[in-house]
>>> print(open('target-v9.cif').read())   # mmCIF, C-alpha atoms
data_query
#
loop_
_atom_site.group_PDB
_atom_site.id
_atom_site.type_symbol
_atom_site.label_atom_id
_atom_site.label_comp_id
_atom_site.auth_asym_id
_atom_site.auth_seq_id
_atom_site.Cartn_x
_atom_site.Cartn_y
_atom_site.Cartn_z
ATOM 1 C CA VAL A 1 14.655 -17.933 -19.416
ATOM 2 C CA PRO A 2 14.972 -15.716 -16.308
ATOM 3 C CA VAL A 3 16.763 -12.437 -16.851
ATOM 4 C CA ALA A 4 19.273 -11.280 -14.247
ATOM 5 C CA PRO A 5 18.616 -7.785 -12.910
ATOM 6 C CA ALA A 6 20.920 -5.004 -13.991
ATOM 7 C CA PRO A 7 24.066 -4.750 -11.830
ATOM 8 C CA SER A 8 23.057 -1.376 -10.384
ATOM 9 C CA THR A 9 19.677 -2.789 -9.326
ATOM 10 C CA THR A 10 21.328 -5.808 -7.685
ATOM 11 C CA ALA A 11 23.852 -3.600 -5.868
ATOM 12 C CA ALA A 12 21.144 -1.237 -4.648
ATOM 13 C CA ALA A 13 19.011 -4.125 -3.390
ATOM 14 C CA ALA A 14 21.967 -5.695 -1.577
ATOM 15 C CA GLU A 15 22.899 -2.357 -0.033
ATOM 16 C CA ALA A 16 19.320 -1.662 1.112
ATOM 17 C CA ARG A 17 18.867 -5.086 2.716
ATOM 18 C CA PRO A 18 20.075 -5.311 6.311
ATOM 19 C CA ASP A 19 22.492 -8.039 7.335
ATOM 20 C CA TYR A 20 20.378 -10.666 9.081
ATOM 21 C CA GLY A 21 23.341 -12.960 9.697
ATOM 22 C CA ARG A 22 24.336 -16.373 8.380
ATOM 23 C CA PRO A 23 22.953 -19.667 9.680
ATOM 24 C CA GLY A 24 25.437 -21.711 11.678
ATOM 25 C CA THR A 25 27.606 -18.774 12.811
ATOM 26 C CA ARG A 26 28.086 -16.942 16.093
ATOM 27 C CA VAL A 27 28.239 -13.194 16.650
ATOM 28 C CA LYS A 28 29.994 -11.748 19.705
ATOM 29 C CA LEU A 29 27.751 -9.590 21.860
ATOM 30 C CA VAL A 30 30.270 -6.790 22.362
ATOM 31 C CA GLY A 31 30.629 -3.042 22.052
ATOM 32 C CA LEU A 32 27.650 -0.975 21.007
ATOM 33 C CA ARG A 33 25.469 -4.039 20.388
ATOM 34 C CA ARG A 34 26.045 -5.202 23.984
ATOM 35 C CA GLN A 35 25.345 -1.720 25.406
ATOM 36 C CA ILE A 36 22.102 -1.516 23.450
ATOM 37 C CA ALA A 37 21.031 -4.979 24.648
ATOM 38 C CA GLU A 38 21.829 -4.176 28.277
ATOM 39 C CA HIS A 39 19.981 -0.846 28.074
ATOM 40 C CA MET A 40 16.887 -2.510 26.587
ATOM 41 C CA VAL A 41 16.871 -5.340 29.129
ATOM 42 C CA HIS A 42 17.217 -2.812 31.971
ATOM 43 C CA ALA A 43 14.361 -0.728 30.536
ATOM 44 C CA ARG A 44 12.096 -3.747 30.117
ATOM 45 C CA GLN A 45 12.763 -4.925 33.680
ATOM 46 C CA THR A 46 12.368 -1.552 35.406
ATOM 47 C CA ILE A 47 9.690 0.333 33.451
ATOM 48 C CA PRO A 48 6.066 -0.777 33.485
ATOM 49 C CA HIS A 49 5.209 -1.172 29.792
ATOM 50 C CA TYR A 50 1.691 -0.620 28.518
ATOM 51 C CA THR A 51 0.743 -0.799 24.843
ATOM 52 C CA TYR A 52 -2.099 1.171 23.300
ATOM 53 C CA VAL A 53 -2.951 0.758 19.617
ATOM 54 C CA ASP A 54 -5.179 3.122 17.680
ATOM 55 C CA GLU A 55 -6.051 3.782 14.089
ATOM 56 C CA CYS A 56 -5.790 7.126 12.352
ATOM 57 C CA ASP A 57 -6.935 8.249 8.911
ATOM 58 C CA VAL A 58 -3.884 9.872 7.330
ATOM 59 C CA THR A 59 -5.331 10.363 3.844
ATOM 60 C CA GLU A 60 -4.795 14.127 4.017
ATOM 61 C CA LEU A 61 -1.251 13.654 5.321
ATOM 62 C CA VAL A 62 -0.480 11.385 2.365
ATOM 63 C CA ARG A 63 -1.844 14.036 -0.007
ATOM 64 C CA LEU A 64 0.116 16.802 1.724
ATOM 65 C CA ARG A 65 3.376 14.879 1.607
ATOM 66 C CA GLN A 66 2.809 14.030 -2.047
ATOM 67 C CA ALA A 67 2.138 17.690 -2.830
ATOM 68 C CA LEU A 68 5.284 18.873 -0.990
ATOM 69 C CA ARG A 69 7.687 16.066 -1.871
ATOM 70 C CA ASP A 70 8.961 17.409 -5.206
ATOM 71 C CA THR A 71 9.354 20.961 -3.887
ATOM 72 C CA TYR A 72 11.329 19.699 -0.902
ATOM 73 C CA ALA A 73 13.404 17.388 -3.121
ATOM 74 C CA ARG A 74 14.415 20.339 -5.321
ATOM 75 C CA ALA A 75 15.658 22.011 -2.129
ATOM 76 C CA GLY A 76 17.648 18.872 -1.271
ATOM 77 C CA VAL A 77 15.276 17.680 1.468
ATOM 78 C CA LYS A 78 13.923 14.124 1.595
ATOM 79 C CA LEU A 79 10.421 14.499 3.035
ATOM 80 C CA THR A 80 9.432 11.326 4.888
ATOM 81 C CA TYR A 81 6.440 10.622 7.074
ATOM 82 C CA LEU A 82 8.790 10.546 10.054
ATOM 83 C CA ALA A 83 9.304 14.319 9.844
ATOM 84 C CA PHE A 84 5.541 14.800 10.110
ATOM 85 C CA LEU A 85 5.424 12.407 13.079
ATOM 86 C CA VAL A 86 8.148 14.338 14.898
ATOM 87 C CA LYS A 87 6.142 17.562 14.470
ATOM 88 C CA ALA A 88 2.885 15.863 15.551
ATOM 89 C CA VAL A 89 4.510 14.241 18.586
ATOM 90 C CA THR A 90 6.011 17.553 19.635
ATOM 91 C CA ALA A 91 2.584 19.229 19.494
ATOM 92 C CA ALA A 92 1.037 16.363 21.488
ATOM 93 C CA LEU A 93 3.782 16.530 24.126
ATOM 94 C CA LYS A 94 3.034 20.216 24.640
ATOM 95 C CA GLU A 95 -0.579 19.269 25.355
ATOM 96 C CA VAL A 96 0.399 16.415 27.714
ATOM 97 C CA PRO A 97 3.628 17.517 29.448
ATOM 98 C CA LEU A 98 3.716 14.441 31.688
ATOM 99 C CA VAL A 99 4.691 12.313 28.684
ATOM 100 C CA ASN A 100 7.645 14.583 27.804
ATOM 101 C CA SER A 101 9.450 13.470 30.928
ATOM 102 C CA THR A 102 12.116 11.220 32.325
ATOM 103 C CA LEU A 103 12.391 9.340 35.576
ATOM 104 C CA ASP A 104 15.107 10.360 38.010
ATOM 105 C CA ALA A 105 15.038 7.104 39.990
ATOM 106 C CA GLU A 106 17.759 8.200 42.395
ATOM 107 C CA ALA A 107 15.810 11.313 43.441
ATOM 108 C CA GLY A 108 12.459 9.542 43.174
ATOM 109 C CA GLU A 109 11.148 12.223 40.811
ATOM 110 C CA ILE A 110 9.555 12.488 37.407
ATOM 111 C CA VAL A 111 11.230 15.355 35.536
ATOM 112 C CA LEU A 112 8.843 17.150 33.157
ATOM 113 C CA HIS A 113 10.919 18.766 30.431
ATOM 114 C CA ASP A 114 10.370 22.144 28.811
ATOM 115 C CA ARG A 115 12.530 21.187 25.820
ATOM 116 C CA TYR A 116 11.435 18.798 23.085
ATOM 117 C CA HIS A 117 14.342 16.556 22.144
ATOM 118 C CA ILE A 118 12.806 13.784 20.051
ATOM 119 C CA GLY A 119 14.743 10.541 19.716
ATOM 120 C CA VAL A 120 14.383 8.698 16.426
ATOM 121 C CA ALA A 121 15.232 4.994 16.596
ATOM 122 C CA VAL A 122 17.451 3.929 13.690
ATOM 123 C CA ALA A 123 18.389 0.358 12.759
ATOM 124 C CA THR A 124 22.134 0.071 12.185
ATOM 125 C CA PRO A 125 24.429 -2.882 11.485
ATOM 126 C CA ASN A 126 25.329 -2.817 15.205
ATOM 127 C CA GLY A 127 21.771 -2.611 16.499
ATOM 128 C CA LEU A 128 19.164 0.021 17.226
ATOM 129 C CA VAL A 129 20.454 3.499 18.127
ATOM 130 C CA VAL A 130 18.496 6.633 18.948
ATOM 131 C CA PRO A 131 19.854 9.912 17.565
ATOM 132 C CA VAL A 132 18.108 13.020 18.865
ATOM 133 C CA VAL A 133 16.381 15.852 16.991
ATOM 134 C CA ARG A 134 17.030 18.689 19.432
ATOM 135 C CA ASP A 135 14.408 21.374 20.066
ATOM 136 C CA ALA A 136 12.054 19.831 17.518
ATOM 137 C CA ASP A 137 9.362 22.332 18.490
ATOM 138 C CA ARG A 138 11.537 25.186 17.204
ATOM 139 C CA LEU A 139 12.192 23.577 13.811
ATOM 140 C CA ASP A 140 9.994 23.794 10.748
ATOM 141 C CA LEU A 141 9.098 20.682 8.762
ATOM 142 C CA ALA A 142 12.050 21.028 6.362
ATOM 143 C CA GLN A 143 14.510 21.463 9.244
ATOM 144 C CA VAL A 144 13.112 18.381 10.989
ATOM 145 C CA ALA A 145 13.338 16.371 7.745
ATOM 146 C CA ARG A 146 16.970 17.469 7.242
ATOM 147 C CA ALA A 147 17.845 16.626 10.851
ATOM 148 C CA VAL A 148 16.226 13.186 10.654
ATOM 149 C CA GLU A 149 17.987 12.398 7.378
ATOM 150 C CA ARG A 150 21.402 13.571 8.627
ATOM 151 C CA LEU A 151 21.140 11.859 12.021
ATOM 152 C CA SER A 152 19.862 8.605 10.501
ATOM 153 C CA GLU A 153 22.622 8.492 7.900
ATOM 154 C CA GLU A 154 25.319 9.219 10.496
ATOM 155 C CA ALA A 155 23.902 6.491 12.749
ATOM 156 C CA ARG A 156 23.768 3.906 9.939
ATOM 157 C CA THR A 157 27.362 4.669 8.883
ATOM 158 C CA SER A 158 28.707 4.680 12.483
ATOM 159 C CA LYS A 159 29.503 8.397 12.283
ATOM 160 C CA ALA A 160 27.032 9.545 14.942
ATOM 161 C CA ARG A 161 28.505 11.818 17.558
ATOM 162 C CA ARG A 162 28.030 10.807 21.186
ATOM 163 C CA GLU A 163 26.126 14.043 21.931
ATOM 164 C CA ASP A 164 23.655 13.219 19.124
ATOM 165 C CA LEU A 165 22.755 9.957 20.874
ATOM 166 C CA ARG A 166 21.935 11.388 24.312
ATOM 167 C CA GLY A 167 19.326 13.542 25.972
ATOM 168 C CA SER A 168 16.084 12.614 24.245
ATOM 169 C CA THR A 169 12.886 13.402 26.145
ATOM 170 C CA PHE A 170 10.647 11.145 24.018
ATOM 171 C CA THR A 171 11.358 8.578 21.285
ATOM 172 C CA ILE A 172 9.695 7.543 18.043
ATOM 173 C CA THR A 173 10.484 4.173 16.536
ATOM 174 C CA SER A 174 9.310 3.382 13.040
ATOM 175 C CA VAL A 175 8.978 0.011 11.385
ATOM 176 C CA GLY A 176 7.402 1.579 8.301
ATOM 177 C CA ASN A 177 9.630 -0.011 5.685
ATOM 178 C CA ILE A 178 9.465 -3.408 7.410
ATOM 179 C CA GLY A 179 5.678 -3.545 7.344
ATOM 180 C CA GLY A 180 3.325 -5.277 9.739
ATOM 181 C CA LEU A 181 0.327 -3.950 11.637
ATOM 182 C CA PHE A 182 1.888 -2.686 14.861
ATOM 183 C CA SER A 183 4.726 -3.289 17.267
ATOM 184 C CA THR A 184 5.246 -3.004 21.008
ATOM 185 C CA PRO A 185 8.503 -1.052 21.368
ATOM 186 C CA ILE A 186 10.584 -0.956 24.527
ATOM 187 C CA ILE A 187 10.661 2.447 26.215
ATOM 188 C CA ASN A 188 13.992 4.252 25.904
ATOM 189 C CA ALA A 189 14.883 4.644 29.601
ATOM 190 C CA PRO A 190 14.740 6.963 31.480
ATOM 191 C CA GLU A 191 11.933 8.278 29.257
ATOM 192 C CA VAL A 192 8.374 7.392 30.224
ATOM 193 C CA GLY A 193 6.890 6.659 26.790
ATOM 194 C CA ILE A 194 7.608 5.775 23.167
ATOM 195 C CA LEU A 195 5.628 5.957 19.935
ATOM 196 C CA GLY A 196 5.835 3.031 17.543
#
>>> encode(input="target-v9.cif", output="structure tokens")
Amino acid sequence: VPVAPAPSTTAAAAEARPDYGRPGTRVKLVGLRRQIAEHMVHARQTIPHYTYVDECDVTELVRLRQALRDTYARAGVKLTYLAFLVKAVTAALKEVPLVNSTLDAEAGEIVLHDRYHIGVAVATPNGLVVPVVRDADRLDLAQVARAVERLSEEARTSKARREDLRGSTFTITSVGNIGGLFSTPIINAPEVGILG
């Protein structure tokens, strides 16, 4: 005889699972969802997209995170791989400034930025939004982890402030908890690149 999971387990699973819709219904494309769709279509039509896939041995990163996770947790910080990626991307952007740039189409110029505002794509009930970790190069790992956690939670609960969703110079999108081998993300215009 199958045993039903405990109520708390069922509630947690239902809360963690995104709403993928119901067959046979229609959903209005309005508000934030429409803006996101229009922005992505514009980006896909106006930015030449090129995908490069590589493999990286992160065994030492896994060990490091495991070693730090409990210490960070005691300090109230959830240490995810995304915090490490933000720090790594920031270091890489300093080495290749052309990628930390945006296109000013009206002026016909590529603007190379001297600030490192890293966008972190977050899936929300209304679609994908990109809150920004400002000056990521000036933050330590714990500060980045706190910023990512706060910004992600505010985005998922529709509490993100407008200023937290603007001004990124480069974006990271993560499908880590979804799985798969790789994805080909759409560049967050007017940026010139994205890491998936």
>>> atom_distance(input="target-v9.cif", atom1="CA of Arg156 (chain A)", atom2="CA of Val120 (chain A)")
12.4 Å
>>> closest_residue(input="target-v9.cif", among="A:His42, A:Glu60, A:Arg74, A:Asp137", to="Ala88 (chain A)", atoms="only C-alpha atoms")
A:Asp137
>>> resolve_selection(input="target-v9.cif", expression="the PyMOL selection byres ((chain A and resi 158) around 12)", output="PDB file with C-alpha atoms, in the frame of the given file")
ATOM      1  CA  LEU A  32      27.650  -0.975  21.007  1.00  0.00           C
ATOM      2  CA  VAL A 122      17.451   3.929  13.690  1.00  0.00           C
ATOM      3  CA  ALA A 123      18.389   0.358  12.759  1.00  0.00           C
ATOM      4  CA  THR A 124      22.134   0.071  12.185  1.00  0.00           C
ATOM      5  CA  PRO A 125      24.429  -2.882  11.485  1.00  0.00           C
ATOM      6  CA  ASN A 126      25.329  -2.817  15.205  1.00  0.00           C
ATOM      7  CA  GLY A 127      21.771  -2.611  16.499  1.00  0.00           C
ATOM      8  CA  LEU A 128      19.164   0.021  17.226  1.00  0.00           C
ATOM      9  CA  VAL A 129      20.454   3.499  18.127  1.00  0.00           C
ATOM     10  CA  PRO A 131      19.854   9.912  17.565  1.00  0.00           C
ATOM     11  CA  LEU A 151      21.140  11.859  12.021  1.00  0.00           C
ATOM     12  CA  SER A 152      19.862   8.605  10.501  1.00  0.00           C
ATOM     13  CA  GLU A 153      22.622   8.492   7.900  1.00  0.00           C
ATOM     14  CA  GLU A 154      25.319   9.219  10.496  1.00  0.00           C
ATOM     15  CA  ALA A 155      23.902   6.491  12.749  1.00  0.00           C
ATOM     16  CA  ARG A 156      23.768   3.906   9.939  1.00  0.00           C
ATOM     17  CA  THR A 157      27.362   4.669   8.883  1.00  0.00           C
ATOM     18  CA  LYS A 159      29.503   8.397  12.283  1.00  0.00           C
ATOM     19  CA  ALA A 160      27.032   9.545  14.942  1.00  0.00           C
ATOM     20  CA  ARG A 161      28.505  11.818  17.558  1.00  0.00           C
ATOM     21  CA  ARG A 162      28.030  10.807  21.186  1.00  0.00           C
ATOM     22  CA  ASP A 164      23.655  13.219  19.124  1.00  0.00           C
ATOM     23  CA  LEU A 165      22.755   9.957  20.874  1.00  0.00           C
TER      24      LEU A 165
END
>>> resolve_selection(input="target-v9.cif", expression="the PyMOL selection byres ((chain A and resi 111) around 6)", output="ChimeraX atom specification")
/A:101-102,110,112
>>> atom_distance(input="target-v9.cif", atom1="CA of Lys87 (chain A)", atom2="CA of Asp140 (chain A)")
8.2 Å
>>> axis_aligned_box(input="target-v9.cif", around="region 20-36 of chain A", padding_each_side="8 Å", output="JSON")
{"center_x": 25.5, "center_y": -11.3, "center_z": 16.9, "size_x": 26.3, "size_y": 36.7, "size_z": 33.0}
>>> resolve_selection(input="target-v9.cif", expression="the PyMOL selection byres ((chain A and resi 196) around 8)", output="VMD selection string")
chain A and resid 172 to 175 182 to 185 194 to 195
>>> residues_around(input="target-v9.cif", residues="Arg63 (chain A)", least_positions_apart="6", cutoff="12 Å", atoms="all atoms listed in the file", output="ChimeraX atom specification")
/A:57,69,81
>>> closest_residue(input="target-v9.cif", among="A:Pro190, A:Glu163, A:Leu79, A:Gly21", to="Val62 (chain A)", atoms="all atoms listed in the file")
A:Leu79
>>> closest_residue(input="target-v9.cif", among="A:Val192, A:Val144, A:Ile187, A:Leu98", to="Lys78 (chain A)", atoms="all atoms listed in the file")
A:Val144
>>> atom_distance(input="target-v9.cif", atom1="CA of Val130 (chain A)", atom2="CA of Ser168 (chain A)")
8.3 Å
>>> closest_residue(input="target-v9.cif", among="A:Ala73, A:Ala189, A:Ala91, A:Val148", to="Asp104 (chain A)", atoms="all atoms listed in the file")
A:Ala189
>>> residues_around(input="target-v9.cif", residues="Met40 (chain A)", least_positions_apart="4", cutoff="7 Å", atoms="all atoms listed in the file", output="PyMOL selection string")
chain A and resi 36+44+186
>>> closest_residue(input="target-v9.cif", among="A:Val30, A:Ile118, A:Ala75, A:Val96", to="Arg146 (chain A)", atoms="only C-alpha atoms")
A:Ala75
